[in-house]
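Notes follow the structure.
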Amino acid sequence: MTKSILITGCSTGIGYTCAHALHKKGYQVIASCRKIADVERLQSEGLTCIQLDVSDIESIRAGASKAIELSNGNLYALFNNGAYGQPGAIEDLPTDALKEQFETNFFGWHELVRNILPTMRQNGAGRIVQNSSILGFAAMKYRGAYNASKFAIEGWTDTLRLELYGSQIHISLLEPGPIETRFRANALKAFKKWITIPGSVHETAYQQQMQRLEKEQSSKSFVLPPESCIQPLLHALESPKPKLRYRITTPTKVFAVLKRILPNRWIDPLLRKAA
């Protein structure tokens, strides 16, 4: 039987790439985007695509219901991918900026799982894959809001995995490091919305951040294309024993080892340099 999967955040990047890859592999892909224009674009490319805004609870409920309907009640998998990064020093971030970050990156994912999980339980099987980040276990400066949302997703996912034991519903985390996507462009918008540069003690660093975010392509080493997430996602969906965490890119793998063997005081200088 053809397996169906709902993927969020498919307008560009990892979601877009994985949606097309799974479609070619024979999955019934139900892609989703926040903007109608993107929904129509993906439909014109041959994908089934619905509108779903992970920051809007009514949109989430309607999208989940539509995905279950399109799969004839047999929705097998959910790939929670839609998210963005809110840059800025913690002391300069208004509380509302953090609330907005968590609405999309955390609460929206929670609501979507709650709406999908009963169908998976009824069917006796399912897969949930959460697109976390290296920043879900290794914090870096000027990414506090995003760090916090991904740390939260990691703990939330670990908890749900324990609660799903024996259900034949598996949940896994993808932990990409630097991936070449439109992530910087979206982060730049969020930065300009919430951060006031003049007068901040971080003003010089912010100017450097702005220059970095304005670049069309990353200048960092070890950057991989979105295609690097396809095989880990497929393994999480198809393996009888999916991994709990899939570490993608060299920095993720290196820092995962360092976090296990080194004290934090030794790791902090490495994290400051990496940022």
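Chain lettering (A, B, ...) mirrors the order of the structure tokens, residue numbering begins at 1 for each chain separately, and ligand numbering begins at 1 in order of display.
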I'd like a table as a tab-separated table: residues in stretch 79-145 of chain A with an atom no more than 12 Å from stretch 228-241 of chain A, each row giving the shortest atom pair and its distance in Å to one decimal, only C-alpha atoms counted, sorted by chain and rising residue number.
```
residue	atom	partner	partner_atom	distance
A:Phe79	CA	A:Leu233	CA	8.6
A:Asn80	CA	A:Leu233	CA	11.3
A:Asn81	CA	A:Leu233	CA	11.2
A:Ala125	CA	A:Leu237	CA	11.3
A:Gly126	CA	A:Leu237	CA	8.6
A:Arg127	CA	A:Leu237	CA	6.1
A:Ile128	CA	A:Leu237	CA	8.1
A:Val129	CA	A:Ala236	CA	7.1
A:Gln130	CA	A:Leu233	CA	9.7
A:Asn131	CA	A:Leu233	CA	9.4
A:Ser132	CA	A:Cys229	CA	11.7
A:Ser133	CA	A:Cys229	CA	11.7
```
Generate a file of the selected residues that holds N, CA, C and O atoms, formatted as a tab-separated table (two decimals), in the first residue's frame.
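The resulting file, part.tsv, is reproduced below:
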```tsv
chain	number	residue	atom	x	y	z
A	79	PHE	N	6.13	14.83	8.82
A	79	PHE	CA	7.45	15.44	8.90
A	79	PHE	C	7.27	16.89	9.31
A	79	PHE	O	6.90	17.74	8.51
A	80	ASN	N	7.50	17.17	10.59
A	80	ASN	CA	7.40	18.54	11.11
A	80	ASN	C	8.68	19.27	10.72
A	80	ASN	O	9.75	19.03	11.28
A	81	ASN	N	8.55	20.20	9.78
A	81	ASN	CA	9.72	20.87	9.24
A	81	ASN	C	9.60	22.40	9.26
A	81	ASN	O	10.59	23.09	9.40
A	125	ALA	N	-0.01	2.14	13.55
A	125	ALA	CA	1.37	2.38	13.10
A	125	ALA	C	1.52	3.81	12.64
A	125	ALA	O	0.53	4.47	12.30
A	126	GLY	N	2.76	4.28	12.60
A	126	GLY	CA	3.01	5.63	12.10
A	126	GLY	C	4.44	6.06	12.36
A	126	GLY	O	5.17	5.44	13.12
A	127	ARG	N	4.82	7.13	11.69
A	127	ARG	CA	6.14	7.72	11.87
A	127	ARG	C	5.99	9.23	12.00
A	127	ARG	O	5.27	9.86	11.22
A	128	ILE	N	6.69	9.78	12.99
A	128	ILE	CA	6.77	11.23	13.16
A	128	ILE	C	8.24	11.60	13.12
A	128	ILE	O	9.06	11.02	13.84
A	129	VAL	N	8.58	12.54	12.26
A	129	VAL	CA	9.97	13.00	12.15
A	129	VAL	C	10.00	14.49	12.42
A	129	VAL	O	9.24	15.26	11.82
A	130	GLN	N	10.86	14.90	13.34
A	130	GLN	CA	10.97	16.30	13.75
A	130	GLN	C	12.27	16.88	13.22
A	130	GLN	O	13.36	16.33	13.52
A	131	ASN	N	12.21	17.96	12.48
A	131	ASN	CA	13.43	18.58	11.97
A	131	ASN	C	13.97	19.55	13.01
A	131	ASN	O	13.58	20.71	13.06
A	132	SER	N	14.89	19.06	13.82
A	132	SER	CA	15.50	19.88	14.86
A	132	SER	C	16.73	20.57	14.27
A	132	SER	O	16.69	21.09	13.15
A	133	SER	N	17.85	20.55	14.98
A	133	SER	CA	19.03	21.29	14.54
A	133	SER	C	20.20	20.96	15.46
A	133	SER	O	20.01	20.46	16.58
```
So that each row is one residue of stretch 103-125 of chain A with an atom at most 8 Å from stretch 39-63 of chain A, can you give its shortest atom pair and the distance in Å to one decimal, using only C-alpha atoms, rows by chain and rising number, as JSON lines?
```
{"residue": "A:Glu103", "atom": "CA", "partner": "A:Ser55", "partner_atom": "CA", "distance": 5.2}
{"residue": "A:Thr104", "atom": "CA", "partner": "A:Ser55", "partner_atom": "CA", "distance": 4.5}
{"residue": "A:Asn105", "atom": "CA", "partner": "A:Val54", "partner_atom": "CA", "distance": 7.9}
{"residue": "A:Phe107", "atom": "CA", "partner": "A:Ser55", "partner_atom": "CA", "distance": 7.8}
{"residue": "A:Gly108", "atom": "CA", "partner": "A:Val54", "partner_atom": "CA", "distance": 4.7}
{"residue": "A:Trp109", "atom": "CA", "partner": "A:Val54", "partner_atom": "CA", "distance": 6.9}
{"residue": "A:Glu111", "atom": "CA", "partner": "A:Ile60", "partner_atom": "CA", "distance": 7.2}
{"residue": "A:Leu112", "atom": "CA", "partner": "A:Ile60", "partner_atom": "CA", "distance": 6.0}
{"residue": "A:Asn115", "atom": "CA", "partner": "A:Arg61", "partner_atom": "CA", "distance": 6.7}
```
TODO: Would you kindly return, as a PyMOL selection string, each protein, DNA or RNA residue with an atom no farther than 9 Å from any atom of A:Phe137, considering only C-alpha atoms and excluding same-chain residues fewer than 2 positions away?
DONE: chain A and resi 133-135+139+147+150-151+154+255-256+259
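In this comparison, which uses only C-alpha atoms, the residue of A:Val201, A:Ile261, A:Ala275, A:Ala148 approaching A:Gly177 most closely is A:Ala275.
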Open item on the list: Between A:Leu173, A:Ala205, A:Ala83, A:Leu213, which residue has the minimum interatomic distance to A:Leu188, considering only C-alpha atoms?
Closed with: A:Leu213
Task: DSSP alpha helix (DSSP H) residues within stretch 37-143 of chain A, as a PyMOL selection string - done: chain A and resi 37-44+57-70+95-102+108-123
- [ ] Between A:Ala185, A:Cys18, A:Ile30, A:Val257, single out the one closest to A:Ala77, counting only C-alpha atoms.
- [x]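 Closest residue, counting only C-alpha atoms: A:Ile30.
Using only C-alpha atoms, the smallest distance between any of A:Ala21, A:Leu244, A:Leu271, A:Ala64 and A:Tyr142 comes from A:Leu271.
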Open item on the list: One number please: atom CA of A:Met210 to atom CA of A:Gly88, in Å, one decimal.
Closed with: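 So the answer is 10.6 Å.
The spacing separating atom CA of A:Pro251 from atom CA of A:Ala274 amounts to 9.0 Å.
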Open item on the list: Using only C-alpha atoms, can you tell me which of A:Gly136, A:Leu258, A:Asn264, A:Pro87 comes closest to A:Lys189?
Closed with: A:Pro87
- [ ] List the neighbours of stretch 94-101 of chain A out to 7 Å using only C-alpha atoms; skip same-chain residues closer than 6 positions along the sequence, and give me the result as an MDAnalysis selection string.
- [x] chainID A and resid 86 145 194
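Distances here use only C-alpha atoms; by that measure, the residue among A:Arg182, A:Ala138, A:Tyr206, A:Leu160 closest to A:Asp268 is A:Ala138.
We find atom CA of A:Lys141 and atom CA of A:Ile90 to be spaced 8.7 Å apart.
The neighbours of A:Ile5 here are the residues that come within 9 Å of it, using only C-alpha atoms and leaving out any residue fewer than 5 positions away in the same chain; they are A:Leu22, A:Tyr27, A:Gln28, A:Val29, A:Ile30, A:Ala31, A:Ala67, A:Ser71, A:Leu75, A:Tyr76, A:Ala77, A:Leu78, A:Phe79, A:Arg127.
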- [ ] Could you give me, as an MDAnalysis selection string, the residues within 12 Å of A:Gln207, counting only C-alpha atoms and dropping anything in the same chain fewer than 2 positions from it?
- [x] chainID A and resid 88 188 191:192 195:198 200:205 209:214
Would you mind exporting the chosen residues as a compact mmCIF listing (two decimals), in the first residue's frame, restricted to N, CA and C atoms?
```txt
# COMPACT_ATOMS: atom_id res chain seq x y z
N GLY A 88 19.31 37.50 17.35
CA GLY A 88 19.36 38.60 18.32
C GLY A 88 19.83 38.14 19.68
N LEU A 188 16.63 37.16 8.53
CA LEU A 188 16.89 38.60 8.38
C LEU A 188 15.61 39.40 8.59
N PHE A 191 14.89 39.44 12.24
CA PHE A 191 15.88 40.30 12.91
C PHE A 191 15.46 41.76 12.81
N LYS A 192 15.11 42.19 11.61
CA LYS A 192 14.72 43.59 11.39
C LYS A 192 13.42 43.93 12.12
N ILE A 195 14.65 43.54 16.43
CA ILE A 195 15.89 44.03 17.04
C ILE A 195 16.16 45.49 16.67
N THR A 196 16.42 46.30 17.69
CA THR A 196 16.84 47.69 17.49
C THR A 196 18.35 47.75 17.66
N ILE A 197 19.05 48.02 16.57
CA ILE A 197 20.52 47.97 16.60
C ILE A 197 21.14 49.16 17.31
N PRO A 198 20.78 50.42 16.96
CA PRO A 198 21.44 51.58 17.59
C PRO A 198 21.28 51.56 19.12
N SER A 200 22.47 49.34 21.20
CA SER A 200 22.69 48.03 21.80
C SER A 200 24.17 47.83 22.06
N VAL A 201 24.48 47.13 23.15
CA VAL A 201 25.88 46.80 23.43
C VAL A 201 26.42 45.81 22.40
N HIS A 202 25.51 45.20 21.64
CA HIS A 202 25.89 44.22 20.62
C HIS A 202 25.88 44.83 19.21
N GLU A 203 25.90 46.16 19.13
CA GLU A 203 25.73 46.83 17.84
C GLU A 203 26.76 46.38 16.80
N THR A 204 28.02 46.28 17.19
CA THR A 204 29.05 45.87 16.24
C THR A 204 28.82 44.45 15.73
N ALA A 205 28.48 43.57 16.66
CA ALA A 205 28.20 42.18 16.27
C ALA A 205 26.97 42.10 15.37
N GLN A 209 26.29 40.41 11.79
CA GLN A 209 25.18 39.49 11.56
C GLN A 209 24.37 39.89 10.33
N MET A 210 24.12 41.18 10.20
CA MET A 210 23.37 41.68 9.05
C MET A 210 24.08 41.33 7.74
N GLN A 211 25.39 41.54 7.71
CA GLN A 211 26.16 41.22 6.50
C GLN A 211 26.07 39.73 6.18
N ARG A 212 26.11 38.90 7.21
CA ARG A 212 26.04 37.45 7.01
C ARG A 212 24.67 37.04 6.48
N LEU A 213 23.63 37.60 7.07
CA LEU A 213 22.26 37.22 6.70
C LEU A 213 21.87 37.74 5.32
N GLU A 214 22.50 38.82 4.88
CA GLU A 214 22.16 39.41 3.59
C GLU A 214 22.78 38.66 2.41
```
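Taking only stretch 154-253 of chain A, the residues that DSSP calls strand (DSSP E) from the backbone come to Ile169, His170, Ile171, Ser172, Leu173, Leu174, Glu175, Pro176, Arg245, Tyr246, Arg247 and Ile248 of chain A.
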Kindly export the residues of the current selection with all heavy atoms, as a compact mmCIF listing (two decimals), in the first residue's frame.
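Written file, again-v5.txt:
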```txt
# COMPACT_ATOMS: atom_id res chain seq x y z
N ILE A 169 4.28 3.32 16.77
CA ILE A 169 4.45 4.67 16.22
C ILE A 169 5.82 5.15 16.66
O ILE A 169 6.11 5.23 17.86
CB ILE A 169 3.36 5.64 16.72
CG1 ILE A 169 1.96 5.13 16.35
CG2 ILE A 169 3.58 7.04 16.15
CD1 ILE A 169 0.84 5.88 17.04
N HIS A 170 6.68 5.42 15.69
CA HIS A 170 8.05 5.81 15.99
C HIS A 170 8.24 7.31 15.75
O HIS A 170 7.67 7.88 14.82
CB HIS A 170 9.04 5.04 15.11
CG HIS A 170 9.00 3.56 15.33
ND1 HIS A 170 9.65 2.94 16.37
CD2 HIS A 170 8.38 2.58 14.64
CE1 HIS A 170 9.43 1.64 16.31
NE2 HIS A 170 8.66 1.39 15.26
N ILE A 171 9.05 7.93 16.60
CA ILE A 171 9.35 9.35 16.45
C ILE A 171 10.86 9.54 16.45
O ILE A 171 11.57 8.97 17.28
CB ILE A 171 8.67 10.21 17.53
CG1 ILE A 171 8.89 11.71 17.26
CG2 ILE A 171 9.10 9.81 18.93
CD1 ILE A 171 7.96 12.61 18.07
N SER A 172 11.36 10.33 15.48
CA SER A 172 12.79 10.56 15.34
C SER A 172 13.07 12.04 15.16
O SER A 172 12.19 12.81 14.76
CB SER A 172 13.34 9.81 14.12
OG SER A 172 13.14 8.42 14.22
N LEU A 173 14.32 12.41 15.43
CA LEU A 173 14.78 13.78 15.24
C LEU A 173 15.83 13.83 14.14
O LEU A 173 16.76 13.02 14.13
CB LEU A 173 15.40 14.32 16.52
CG LEU A 173 14.46 14.68 17.67
CD1 LEU A 173 15.18 14.58 19.00
CD2 LEU A 173 13.90 16.08 17.49
N LEU A 174 15.68 14.76 13.21
CA LEU A 174 16.78 15.12 12.32
C LEU A 174 17.51 16.30 12.96
O LEU A 174 16.87 17.23 13.46
CB LEU A 174 16.28 15.54 10.94
CG LEU A 174 15.47 14.55 10.10
CD1 LEU A 174 15.31 15.09 8.68
CD2 LEU A 174 16.08 13.17 10.08
N GLU A 175 18.82 16.27 12.94
CA GLU A 175 19.61 17.35 13.54
C GLU A 175 20.61 17.89 12.50
O GLU A 175 21.80 17.60 12.56
CB GLU A 175 20.35 16.85 14.79
CG GLU A 175 19.41 16.49 15.92
CD GLU A 175 20.12 15.91 17.12
OE1 GLU A 175 21.22 15.32 16.94
OE2 GLU A 175 19.60 16.04 18.24
N PRO A 176 20.13 18.69 11.55
CA PRO A 176 21.05 19.26 10.56
C PRO A 176 21.90 20.36 11.18
O PRO A 176 21.47 21.06 12.09
CB PRO A 176 20.12 19.85 9.49
CG PRO A 176 18.73 19.36 9.84
CD PRO A 176 18.74 19.07 11.30
N ARG A 245 18.01 9.86 16.69
CA ARG A 245 18.55 11.11 16.18
C ARG A 245 19.40 10.85 14.94
O ARG A 245 20.21 9.92 14.93
CB ARG A 245 19.40 11.82 17.24
CG ARG A 245 18.59 12.48 18.33
CD ARG A 245 19.46 12.94 19.49
NE ARG A 245 18.71 13.81 20.38
CZ ARG A 245 17.85 13.37 21.30
NH1 ARG A 245 17.66 12.06 21.44
NH2 ARG A 245 17.19 14.22 22.06
N TYR A 246 19.19 11.69 13.93
CA TYR A 246 19.98 11.61 12.71
C TYR A 246 20.82 12.88 12.62
O TYR A 246 20.27 13.98 12.42
CB TYR A 246 19.08 11.49 11.47
CG TYR A 246 18.34 10.17 11.41
CD1 TYR A 246 17.14 9.99 12.10
CD2 TYR A 246 18.84 9.10 10.66
CE1 TYR A 246 16.46 8.79 12.05
CE2 TYR A 246 18.15 7.89 10.60
CZ TYR A 246 16.97 7.74 11.29
OH TYR A 246 16.30 6.53 11.25
N ARG A 247 22.12 12.75 12.79
CA ARG A 247 23.01 13.91 12.80
C ARG A 247 23.54 14.15 11.40
O ARG A 247 24.23 13.30 10.83
CB ARG A 247 24.12 13.70 13.82
CG ARG A 247 23.50 13.68 15.23
CD ARG A 247 24.44 13.47 16.35
NE ARG A 247 23.70 13.65 17.60
CZ ARG A 247 23.64 12.74 18.57
NH1 ARG A 247 24.25 11.59 18.44
NH2 ARG A 247 22.94 13.00 19.67
N ILE A 248 23.20 15.32 10.86
CA ILE A 248 23.50 15.65 9.46
C ILE A 248 24.46 16.84 9.43
O ILE A 248 24.22 17.85 10.10
CB ILE A 248 22.19 16.00 8.71
CG1 ILE A 248 21.18 14.86 8.85
CG2 ILE A 248 22.47 16.28 7.24
CD1 ILE A 248 19.76 15.24 8.45
```
